[in-house]
>>> print(open('work.txt').read())   # compact mmCIF, C-alpha atoms
# COMPACT_ATOMS: atom_id res chain seq x y z
CA MET A 1 278.16 66.58 75.38
CA ASP A 2 278.36 68.48 78.64
CA PRO A 3 274.89 69.73 79.60
CA LEU A 4 276.44 73.06 80.62
CA ILE A 5 277.64 73.67 77.07
CA ILE A 6 274.16 72.98 75.68
CA LEU A 7 272.66 75.30 78.26
CA LEU A 8 275.19 78.03 77.49
CA GLY A 9 274.40 77.72 73.78
CA LEU A 10 270.71 78.11 74.54
CA VAL A 11 271.36 81.16 76.71
CA ILE A 12 273.27 82.77 73.82
CA LEU A 13 270.50 81.88 71.36
CA GLY A 14 267.97 83.42 73.74
CA LEU A 15 270.13 86.50 74.12
CA CYS A 16 270.14 87.17 70.38
CA SER A 17 266.38 86.72 70.10
CA GLY A 18 265.73 88.95 73.11
CA LEU A 19 267.88 91.66 71.56
CA PHE A 20 265.99 91.47 68.25
CA GLY A 21 262.62 91.34 69.92
CA ALA A 22 263.27 94.46 71.97
CA LEU A 23 264.81 96.44 69.11
CA PHE A 24 262.53 95.51 66.23
CA GLY A 25 259.43 93.93 67.72
CA LEU A 26 260.23 90.61 66.05
CA GLY A 27 259.94 87.35 67.96
CA GLY A 28 262.71 85.51 66.19
CA GLY A 29 260.90 82.20 65.69
CA VAL A 30 262.16 82.20 62.11
CA ILE A 31 265.71 81.69 63.33
CA PHE A 32 264.95 79.89 66.62
CA VAL A 33 263.05 76.93 65.29
CA PRO A 34 265.53 75.83 62.57
CA ILE A 35 268.51 76.27 64.93
CA LEU A 36 266.84 74.22 67.67
CA LEU A 37 266.03 71.48 65.17
CA LEU A 38 269.34 71.48 63.29
CA SER A 39 271.42 71.54 66.49
CA GLY A 40 269.53 68.50 67.69
CA VAL A 41 268.29 70.14 70.89
CA ALA A 42 264.66 69.72 69.84
CA ASP A 43 263.48 66.26 68.89
CA SER A 44 260.42 67.56 67.02
CA ALA A 45 259.11 70.77 65.51
CA THR A 46 256.61 70.93 68.38
CA GLN A 47 259.41 70.97 70.93
CA ALA A 48 261.30 73.61 68.95
CA VAL A 49 258.23 75.85 68.69
CA ALA A 50 257.43 75.40 72.39
CA MET A 51 260.95 76.44 73.39
CA SER A 52 260.91 79.28 70.89
CA LEU A 53 257.66 80.61 72.36
CA THR A 54 259.21 80.54 75.83
CA GLY A 55 262.07 82.72 74.57
CA ILE A 56 259.67 85.07 72.81
CA ILE A 57 257.66 85.56 76.00
CA ALA A 58 260.74 86.19 78.16
CA GLY A 59 262.05 88.68 75.58
CA SER A 60 258.73 90.43 75.14
CA VAL A 61 258.03 90.72 78.86
CA GLY A 62 261.62 91.78 79.58
CA ALA A 63 261.53 94.49 76.89
CA SER A 64 258.09 95.62 78.05
CA THR A 65 259.36 96.30 81.58
CA VAL A 66 261.27 99.15 79.91
CA LEU A 67 259.32 100.02 76.74
CA VAL A 68 255.83 99.86 78.27
CA ASP A 69 257.02 101.59 81.43
CA LYS A 70 258.55 104.50 79.48
CA GLY A 71 255.48 104.81 77.28
CA LEU A 72 257.09 103.80 73.98
CA SER A 73 254.78 100.83 73.62
CA ASN A 74 251.22 101.88 72.97
CA VAL A 75 249.31 99.52 75.27
CA ARG A 76 245.83 100.57 74.11
CA LEU A 77 246.70 100.15 70.47
CA GLY A 78 248.50 96.89 71.22
CA LEU A 79 245.45 95.44 72.98
CA MET A 80 243.22 96.47 70.08
CA LEU A 81 245.41 95.08 67.30
CA GLU A 82 245.97 91.93 69.33
CA ILE A 83 242.24 91.16 69.17
CA THR A 84 242.18 90.76 65.41
CA THR A 85 245.65 89.15 65.39
CA CYS A 86 244.27 86.50 67.72
CA ILE A 87 241.14 86.03 65.59
CA GLY A 88 243.40 85.69 62.57
CA ALA A 89 245.47 83.05 64.34
CA ILE A 90 242.33 81.02 65.06
CA ILE A 91 241.20 81.27 61.44
CA GLY A 92 244.71 80.40 60.29
CA ALA A 93 244.82 77.27 62.43
CA ILE A 94 241.59 76.06 60.85
CA VAL A 95 242.51 76.97 57.27
CA ALA A 96 246.14 75.78 57.46
CA THR A 97 245.24 72.15 56.90
CA TYR A 98 243.87 73.00 53.48
CA LEU A 99 246.87 74.95 52.22
CA GLU A 100 250.39 74.02 51.17
CA SER A 101 252.78 75.58 53.65
CA TRP A 102 255.48 76.37 51.07
CA ILE A 103 253.07 78.58 49.12
CA LEU A 104 252.29 80.51 52.30
CA MET A 105 255.98 80.90 53.10
CA VAL A 106 256.70 82.27 49.63
CA LEU A 107 253.76 84.64 50.01
CA PHE A 108 255.08 85.68 53.42
CA SER A 109 258.53 86.40 51.91
CA VAL A 110 257.02 88.47 49.11
CA ILE A 111 255.08 90.53 51.64
CA ILE A 112 258.05 91.29 53.87
CA ILE A 113 260.33 92.08 50.90
CA TYR A 114 257.67 94.51 49.67
CA SER A 115 257.39 96.02 53.16
CA GLY A 116 261.17 96.36 53.43
CA LEU A 117 261.37 98.10 50.04
CA ARG A 118 258.58 100.47 50.98
CA MET A 119 260.42 101.33 54.18
CA ILE A 120 263.62 102.10 52.28
CA VAL A 121 262.05 103.99 49.38
CA ASN A 122 259.31 105.96 51.12
CA PRO A 123 260.19 108.29 53.97
CA GLU A 124 258.21 107.82 57.16
CA ARG A 125 254.97 109.76 57.19
CA THR A 126 253.21 110.28 60.49
CA VAL A 127 250.23 112.50 61.13
CA GLU A 128 250.61 115.15 63.77
CA PRO A 129 247.28 115.94 65.42
CA SER A 130 246.09 119.52 65.18
CA ASP A 131 246.25 121.37 68.50
CA GLY A 132 243.35 121.10 70.91
CA GLU A 133 241.81 118.22 69.05
CA GLU A 134 242.13 115.04 71.10
CA THR A 135 240.71 112.12 69.19
CA PRO A 136 240.74 108.68 70.84
CA MET A 137 243.47 107.75 68.37
CA THR A 138 245.90 110.49 69.39
CA PHE A 139 248.93 109.25 71.29
CA GLU A 140 252.36 110.44 72.27
CA TYR A 141 255.67 109.12 73.50
CA ARG A 142 259.02 110.58 74.43
CA ASP A 143 261.83 109.99 71.95
CA GLU A 144 265.05 109.81 74.00
CA SER A 145 267.27 110.08 70.92
CA VAL A 146 266.11 113.67 70.35
CA GLY A 147 264.69 114.37 73.83
CA GLU A 148 261.26 115.39 72.55
CA GLU A 149 257.65 114.35 72.91
CA VAL A 150 256.32 112.91 69.68
CA ARG A 151 252.58 113.14 69.09
CA TYR A 152 250.89 111.06 66.44
CA GLU A 153 247.43 110.26 65.27
CA VAL A 154 246.82 106.69 64.18
CA GLN A 155 245.37 106.45 60.66
CA ASN A 156 243.44 103.71 58.83
CA VAL A 157 242.37 101.97 62.02
CA LYS A 158 239.81 99.64 60.43
CA GLY A 159 242.15 98.66 57.61
CA GLY A 160 244.94 98.12 60.12
CA LEU A 161 242.73 95.81 62.18
CA GLY A 162 241.96 93.86 59.02
CA LEU A 163 245.61 93.53 58.09
CA CYS A 164 246.43 92.31 61.59
CA THR A 165 243.86 89.54 61.11
CA PHE A 166 245.81 88.59 58.01
CA ALA A 167 249.13 88.83 59.92
CA GLY A 168 247.77 86.59 62.67
CA ALA A 169 246.51 84.05 60.15
CA MET A 170 249.83 84.05 58.27
CA SER A 171 251.88 83.52 61.40
CA SER A 172 249.71 80.74 62.73
CA MET A 173 249.83 79.01 59.31
CA THR A 174 253.56 79.37 58.68
CA GLY A 175 254.74 79.49 62.28
CA VAL A 176 256.82 82.58 61.64
CA GLY A 177 256.70 86.25 62.15
CA GLY A 178 253.57 88.06 63.20
CA GLY A 179 255.86 90.98 64.00
CA ALA A 180 257.40 91.10 60.54
CA ILE A 181 254.01 91.90 59.03
CA LYS A 182 252.54 93.90 61.93
CA VAL A 183 255.36 96.42 62.34
CA PRO A 184 255.22 97.52 58.66
CA VAL A 185 251.40 97.61 58.83
CA MET A 186 251.61 99.91 61.84
CA ASN A 187 254.39 102.06 60.40
CA ILE A 188 253.57 102.27 56.67
CA TYR A 189 249.79 101.93 56.67
CA MET A 190 248.64 103.23 60.06
CA HIS A 191 251.34 105.94 60.14
CA ILE A 192 252.57 105.09 63.60
CA PRO A 193 256.15 106.28 64.23
CA MET A 194 258.66 103.46 63.82
CA LYS A 195 259.75 103.49 67.46
CA ALA A 196 256.20 103.26 68.75
CA ALA A 197 255.39 100.57 66.16
CA SER A 198 258.33 98.30 67.02
CA SER A 199 257.89 98.83 70.78
CA THR A 200 254.17 98.10 70.56
CA SER A 201 254.96 94.95 68.60
CA SER A 202 257.54 93.91 71.25
CA TYR A 203 254.75 94.11 73.79
CA MET A 204 252.19 92.32 71.59
CA ILE A 205 254.30 89.29 70.62
CA GLY A 206 254.34 88.19 74.26
CA ILE A 207 250.54 88.06 74.34
CA THR A 208 250.43 86.15 71.05
CA ALA A 209 253.08 83.71 72.24
CA PHE A 210 251.22 83.18 75.52
CA SER A 211 248.25 81.53 73.76
CA GLY A 212 250.51 79.03 72.03
CA ALA A 213 252.85 78.42 74.96
CA ILE A 214 250.10 77.76 77.50
CA THR A 215 248.59 75.16 75.15
CA TYR A 216 251.96 73.39 74.80
CA PHE A 217 252.53 73.70 78.54
CA THR A 218 249.24 72.06 79.50
CA ALA A 219 249.75 69.40 76.82
CA GLY A 220 252.98 68.44 78.59
CA VAL A 221 255.37 69.28 75.76
CA PHE A 222 257.93 70.60 78.27
CA THR A 223 257.67 67.69 80.68
CA GLN A 224 256.66 64.60 78.74
CA GLY A 225 257.60 63.07 75.44
CA ASP A 226 260.87 61.76 74.05
CA LEU A 227 263.94 63.94 74.17
CA SER A 228 266.50 64.24 71.41
CA PRO A 229 269.59 61.97 71.56
CA LEU A 230 271.67 65.11 72.17
CA LEU A 231 269.82 65.89 75.40
CA THR A 232 269.58 62.34 76.71
CA GLY A 233 273.27 61.89 75.86
CA ALA A 234 274.03 64.91 78.04
CA GLY A 235 272.15 63.30 80.91
CA LEU A 236 269.13 65.61 80.74
CA ASP A 237 265.73 64.06 81.33
CA SER A 238 263.49 67.05 80.71
CA LEU A 239 263.00 69.97 78.33
CA LEU A 240 262.48 72.34 81.27
CA PRO A 241 266.15 73.26 81.86
CA CYS A 242 266.52 74.05 78.14
CA ALA A 243 263.44 76.26 78.13
CA ALA A 244 264.78 77.98 81.25
CA GLY A 245 268.15 78.59 79.57
CA ILE A 246 266.53 80.20 76.55
CA ALA A 247 264.27 82.30 78.76
CA VAL A 248 267.15 83.58 80.89
CA GLY A 249 269.12 84.52 77.77
CA ALA A 250 266.14 86.20 76.13
CA PHE A 251 265.43 88.20 79.27
CA ILE A 252 269.00 89.54 79.47
CA GLY A 253 269.06 90.25 75.71
CA SER A 254 265.76 92.09 75.86
CA LEU A 255 266.95 94.41 78.63
CA VAL A 256 270.02 95.33 76.58
CA GLY A 257 267.91 95.71 73.44
CA ALA A 258 265.28 97.85 75.13
CA ARG A 259 267.93 100.19 76.52
CA TYR A 260 269.30 100.62 73.02
CA ALA A 261 265.84 100.88 71.46
CA ARG A 262 265.09 103.97 73.53
CA ARG A 263 268.18 105.82 72.32
CA ILE A 264 268.51 104.80 68.67
CA PRO A 265 267.37 107.48 66.17
CA SER A 266 264.04 106.50 64.63
CA GLY A 267 265.35 106.73 61.04
CA HIS A 268 268.18 104.28 61.74
CA LEU A 269 265.78 101.86 63.38
CA ARG A 270 263.58 101.90 60.28
CA LYS A 271 266.54 101.29 57.96
CA TYR A 272 267.94 98.41 60.03
CA PHE A 273 264.46 96.93 60.27
CA SER A 274 264.12 96.72 56.49
CA VAL A 275 267.51 94.97 56.26
CA VAL A 276 266.34 92.47 58.89
CA LEU A 277 263.18 91.89 56.83
CA PHE A 278 265.25 91.01 53.75
CA ALA A 279 267.38 88.59 55.78
CA MET A 280 264.20 87.04 57.16
CA ALA A 281 262.76 86.65 53.66
CA VAL A 282 265.86 84.70 52.61
CA LEU A 283 265.58 82.43 55.66
CA VAL A 284 261.91 81.78 55.05
CA LEU A 285 262.51 81.05 51.35
CA LEU A 286 265.22 78.56 52.34
CA GLN A 287 262.76 76.90 54.70
CA ALA A 288 260.07 76.88 52.01
CA GLY A 289 262.50 75.16 49.64
CA GLY A 290 263.26 72.55 52.28
CA ILE A 291 266.92 73.61 52.53
CA LEU A 292 266.70 74.82 56.12
CA MET B 1 249.81 112.03 79.27
CA ARG B 2 247.90 108.87 80.11
CA LEU B 3 250.74 106.80 81.52
CA GLU B 4 249.12 105.11 84.53
CA LEU B 5 248.00 102.27 82.29
CA ASN B 6 251.55 101.77 81.07
CA LYS B 7 253.03 101.97 84.58
CA ALA B 8 250.60 99.44 86.03
CA THR B 9 250.99 97.06 83.09
CA ALA B 10 254.78 97.32 83.21
CA LEU B 11 254.78 96.71 86.97
CA THR B 12 252.75 93.52 86.48
CA LEU B 13 255.09 92.33 83.75
CA ARG B 14 258.14 93.19 85.86
CA THR B 15 256.76 91.24 88.83
CA GLY B 16 256.05 88.27 86.58
CA ILE B 17 259.44 88.18 84.91
CA VAL B 18 261.44 88.75 88.12
CA LEU B 19 259.54 85.99 89.92
CA GLY B 20 259.73 83.67 86.90
CA MET B 21 263.45 84.27 86.44
CA ALA B 22 264.20 83.80 90.14
CA LEU B 23 262.31 80.49 90.18
CA MET B 24 264.02 79.33 86.98
CA LEU B 25 267.54 80.21 88.15
CA LEU B 26 266.97 78.52 91.50
CA GLY B 27 265.31 75.70 89.61
CA LEU B 28 268.37 75.22 87.38
CA CYS B 29 270.58 74.96 90.47
CA LEU B 30 268.19 72.53 92.13
CA TYR B 31 267.93 70.47 88.93
CA ALA B 32 271.72 70.24 88.75
CA VAL B 33 271.89 69.10 92.38
CA ASP B 34 269.13 66.50 92.62
CA GLY B 35 267.22 66.53 89.32
CA SER B 36 264.12 68.13 90.83
CA GLU B 37 261.93 69.88 88.27
CA THR B 38 259.43 71.53 90.58
CA LEU B 39 260.91 75.04 90.60
CA LEU B 40 261.64 74.99 86.86
CA TYR B 41 258.04 73.98 86.24
CA ALA B 42 256.69 76.75 88.48
CA GLY B 43 259.04 79.34 86.99
CA LEU B 44 258.07 78.47 83.43
CA LEU B 45 254.38 78.68 84.28
CA VAL B 46 254.80 82.09 85.95
CA LEU B 47 256.75 83.34 82.92
CA ILE B 48 254.21 82.06 80.39
CA VAL B 49 251.17 83.59 82.10
CA SER B 50 252.84 86.99 82.68
CA PRO B 51 251.77 88.59 79.36
CA PHE B 52 248.18 87.55 79.98
CA LEU B 53 248.24 88.87 83.55
CA GLY B 54 249.46 92.14 82.04
CA VAL B 55 246.33 92.29 79.88
CA VAL B 56 244.10 91.54 82.87
CA VAL B 57 245.73 94.34 84.88
CA SER B 58 245.41 96.72 81.91
CA PHE B 59 241.73 95.86 81.84
CA ALA B 60 241.37 96.58 85.58
CA VAL B 61 243.16 99.93 85.25
CA LEU B 62 240.97 100.97 82.33
CA ILE B 63 237.87 100.07 84.34
CA ALA B 64 239.18 102.09 87.30
CA GLU B 65 239.81 105.03 84.95
CA ARG B 66 236.29 104.66 83.57
CA ASP B 67 237.83 104.51 80.13
CA TRP B 68 234.99 102.35 78.85
CA ARG B 69 235.96 102.26 75.19
CA TRP B 70 239.41 100.83 75.89
CA ALA B 71 238.20 98.68 78.77
CA GLY B 72 235.87 97.09 76.23
CA VAL B 73 238.82 96.50 73.93
CA ALA B 74 240.78 94.80 76.73
CA ALA B 75 237.76 92.69 77.71
CA LEU B 76 237.28 91.59 74.11
CA LEU B 77 240.94 90.58 73.90
CA VAL B 78 240.64 88.45 77.06
CA LEU B 79 237.57 86.80 75.56
CA VAL B 80 239.15 86.14 72.17
CA THR B 81 242.34 84.79 73.77
CA ALA B 82 240.27 82.45 75.95
CA ILE B 83 238.34 81.19 72.91
CA GLY B 84 241.60 80.63 71.05
CA ILE B 85 243.04 78.56 73.90
CA VAL B 86 239.89 76.49 74.34
CA LEU B 87 239.77 75.74 70.60
CA SER B 88 243.43 74.72 70.46
CA LEU B 89 243.06 72.41 73.46
CA GLU B 90 240.51 70.32 71.60
>>> encode(input="work.txt", output="structure tokens")
Amino acid sequence: MDPLIILLGLVILGLCSGLFGALFGLGGGVIFVPILLLSGVADSATQAVAMSLTGIIAGSVGASTVLVDKGLSNVRLGLMLEITTCIGAIIGAIVATYLESWILMVLFSVIIIYSGLRMIVNPERTVEPSDGEETPMTFEYRDESVGEEVRYEVQNVKGGLGLCTFAGAMSSMTGVGGGAIKVPVMNIYMHIPMKAASSTSSYMIGITAFSGAITYFTAGVFTQGDLSPLLTGAGLDSLLPCAAGIAVGAFIGSLVGARYARRIPSGHLRKYFSVVLFAMAVLVLLQAGGIL
Amino acid sequence: MRLELNKATALTLRTGIVLGMALMLLGLCLYAVDGSETLLYAGLLVLIVSPFLGVVVSFAVLIAERDWRWAGVAALLVLVTAIGIVLSLE
């Protein structure tokens, strides 16, 4: 196959993931990894994950140039929740060897279906701080869809930190979706407005992906090791051009997504997010059953 | 509104992604011409470390703002991330 066609396919794949990442705060590994494996671009799961992480970083950083800059992403909160997410990921990596991955994937699906239902059934509840009282957990952002400043006070901080540990552990054990658990935790449990929650997650997934990607990078996953017959057949002798293609696509997609994320009404975003969660649950269940 | 942190962090991320993308696009051209991987390699590395550089800059801004509580949070994140990487390298 012509290497340009493979590259173009990867750019398009990256584009979709960048769009999703910027809009919903989801990395898209759940769709990336199986596509990279099934299409024959990746020769091993490790290669697929490494390329997926590259796309996640490009999408997260691209979206953040808009969402962090405009104040939709809550950097302080993101840094804080990222601490326990990271601790969770470390714990998960240690515990994973003792657990069956299909059980975890089913558990993951149950959690995101529950989150999606909660988001459809229960209206969003955020806590507006009383005037003159600035607690360290009071934040605000400007909602471009209504042209207003939105102030909110983060609730259940300790519980939220705990749940992020769980989210980090789940995603390092199953390889999918920290964002799919974290966004509902932020929105439903910590009462952070949906837009701030998804934008903060968009920012955070880049930091999470960094830890994994740098390990793969230094281990030589991108430069050494056998390539799939598809790539060698196309005359490629390295994974680097493929990773670059995905990254370029994800970057472009994230800029489009972030532009849209600023303008979309918060209620719509929440509704679409729950639909995406259901679709994700189906994908993960298919993977758990060995079909995907 | 406390937006300096966001502006500085976003600027770091923008610098990282623009540089990374430029290197990768040039790298793709160079790879097509003579199979050289140097620029692709450099571009990928710049891209990968960008989110972490963002955290480091956030930390510096919080220190400069004497926002000790959140500077502590950023410092802890740098520490935990470093521990995670060291453990996974073994």
>>> atom_distance(input="work.txt", atom1="CA of Ser172 (chain A)", atom2="CA of Ala89 (chain A)")
5.1 Å
>>> closest_residue(input="work.txt", among="B:Val46, B:Leu13, B:Leu76, B:Leu39", to="Phe59 (chain B)", atoms="all atoms listed in the file")
B:Leu76
>>> interface_residues(input="work.txt", of="chain A", to="chain B", cutoff="7 Å", atoms="all atoms listed in the file", output="MDAnalysis selection string")
chainID A and resid 54 57:58 61:62 64:65 68:69 71 75:76 79:80 82:83 86:87 90 206:207 210:211 213:215 240:241 244 248
>>> atom_distance(input="work.txt", atom1="CA of Ser199 (chain A)", atom2="CA of Ser130 (chain A)")
24.5 Å
>>> atom_distance(input="work.txt", atom1="CA of Gly178 (chain A)", atom2="CA of Leu107 (chain A)")
13.6 Å
>>> residues_around(input="work.txt", residues="Ser115 (chain A)", least_positions_apart="6", cutoff="9 Å", atoms="all atoms listed in the file", output="list in words")
Ala180, Ile181, Pro184, Val185, Ile188, Ser274 and Leu277 of chain A
>>> closest_residue(input="work.txt", among="A:Val127, A:Leu38, A:Ala243, A:Val183", to="Gly160 (chain A)", atoms="only C-alpha atoms")
A:Val183
>>> residues_near_point(input="work.txt", point="(269.0, 65.8, 73.6)", cutoff="10 Å", atoms="only C-alpha atoms", output="PyMOL selection string")
chain A and resi 1+3+6+39-43+226-239+242
>>> residues_around(input="work.txt", residues="Thr46 (chain A)", least_positions_apart="3", cutoff="8 Å", atoms="all atoms listed in the file", output="number ranges by chain")
A: 49-50, 221
>>> write_last_selection(input="work.txt", atoms="C-alpha atoms", output="JSON list (two decimals), in the frame of the given file")
[["chain", "number", "residue", "atom", "x", "y", "z"],
["A", 49, "VAL", "CA", 258.23, 75.85, 68.69],
["A", 50, "ALA", "CA", 257.43, 75.40, 72.39],
["A", 221, "VAL", "CA", 255.37, 69.28, 75.76]]
>>> closest_residue(input="work.txt", among="A:Val106, A:Val150, A:Leu117, A:Met173", to="Val275 (chain A)", atoms="only C-alpha atoms")
A:Leu117
>>> residues_around(input="work.txt", residues="Gly21 (chain A)", least_positions_apart="6", cutoff="8 Å", atoms="only C-alpha atoms", output="list in words")
Gly27, Gly28, Ile56, Gly59, Ser60, Ala63, Ser202, Ser254 and Gly257 of chain A
>>> build_atoms(input="work.txt", residues="region 234-254 of chain A", atoms="N, CA and C atoms", output="compact mmCIF listing (two decimals), in the coordinates of the input")
# COMPACT_ATOMS: atom_id res chain seq x y z
N ALA A 234 273.43 63.97 77.08
CA ALA A 234 274.03 64.91 78.04
C ALA A 234 273.50 64.65 79.45
N GLY A 235 272.66 63.65 79.58
CA GLY A 235 272.15 63.30 80.91
C GLY A 235 270.94 64.11 81.33
N LEU A 236 270.33 64.85 80.38
CA LEU A 236 269.13 65.61 80.74
C LEU A 236 267.91 64.71 80.57
N ASP A 237 266.92 64.89 81.46
CA ASP A 237 265.73 64.06 81.33
C ASP A 237 264.47 64.90 81.19
N SER A 238 264.65 66.18 80.85
CA SER A 238 263.49 67.05 80.71
C SER A 238 263.83 68.24 79.83
N LEU A 239 262.80 68.80 79.19
CA LEU A 239 263.00 69.97 78.33
C LEU A 239 263.03 71.26 79.16
N LEU A 240 262.61 71.15 80.43
CA LEU A 240 262.48 72.34 81.27
C LEU A 240 263.78 73.14 81.42
N PRO A 241 264.93 72.47 81.72
CA PRO A 241 266.15 73.26 81.86
C PRO A 241 266.51 74.02 80.58
N CYS A 242 266.23 73.40 79.42
CA CYS A 242 266.52 74.05 78.14
C CYS A 242 265.64 75.28 77.95
N ALA A 243 264.35 75.13 78.24
CA ALA A 243 263.44 76.26 78.13
C ALA A 243 263.88 77.38 79.07
N ALA A 244 264.32 76.99 80.27
CA ALA A 244 264.78 77.98 81.25
C ALA A 244 266.01 78.72 80.73
N GLY A 245 266.94 77.97 80.12
CA GLY A 245 268.15 78.59 79.57
C GLY A 245 267.82 79.63 78.52
N ILE A 246 266.94 79.27 77.59
CA ILE A 246 266.53 80.20 76.55
C ILE A 246 265.86 81.43 77.17
N ALA A 247 264.99 81.19 78.14
CA ALA A 247 264.27 82.30 78.76
C ALA A 247 265.22 83.26 79.46
N VAL A 248 266.18 82.72 80.19
CA VAL A 248 267.15 83.58 80.89
C VAL A 248 267.92 84.43 79.88
N GLY A 249 268.39 83.78 78.80
CA GLY A 249 269.12 84.52 77.77
C GLY A 249 268.27 85.60 77.14
N ALA A 250 267.03 85.24 76.79
CA ALA A 250 266.14 86.20 76.13
C ALA A 250 265.84 87.39 77.03
N PHE A 251 265.70 87.12 78.31
CA PHE A 251 265.43 88.20 79.27
C PHE A 251 266.60 89.19 79.30
N ILE A 252 267.81 88.66 79.42
CA ILE A 252 269.00 89.54 79.47
C ILE A 252 269.11 90.32 78.15
N GLY A 253 268.96 89.59 77.02
CA GLY A 253 269.06 90.25 75.71
C GLY A 253 268.03 91.35 75.54
N SER A 254 266.83 91.10 76.05
CA SER A 254 265.76 92.09 75.86
C SER A 254 266.02 93.37 76.66
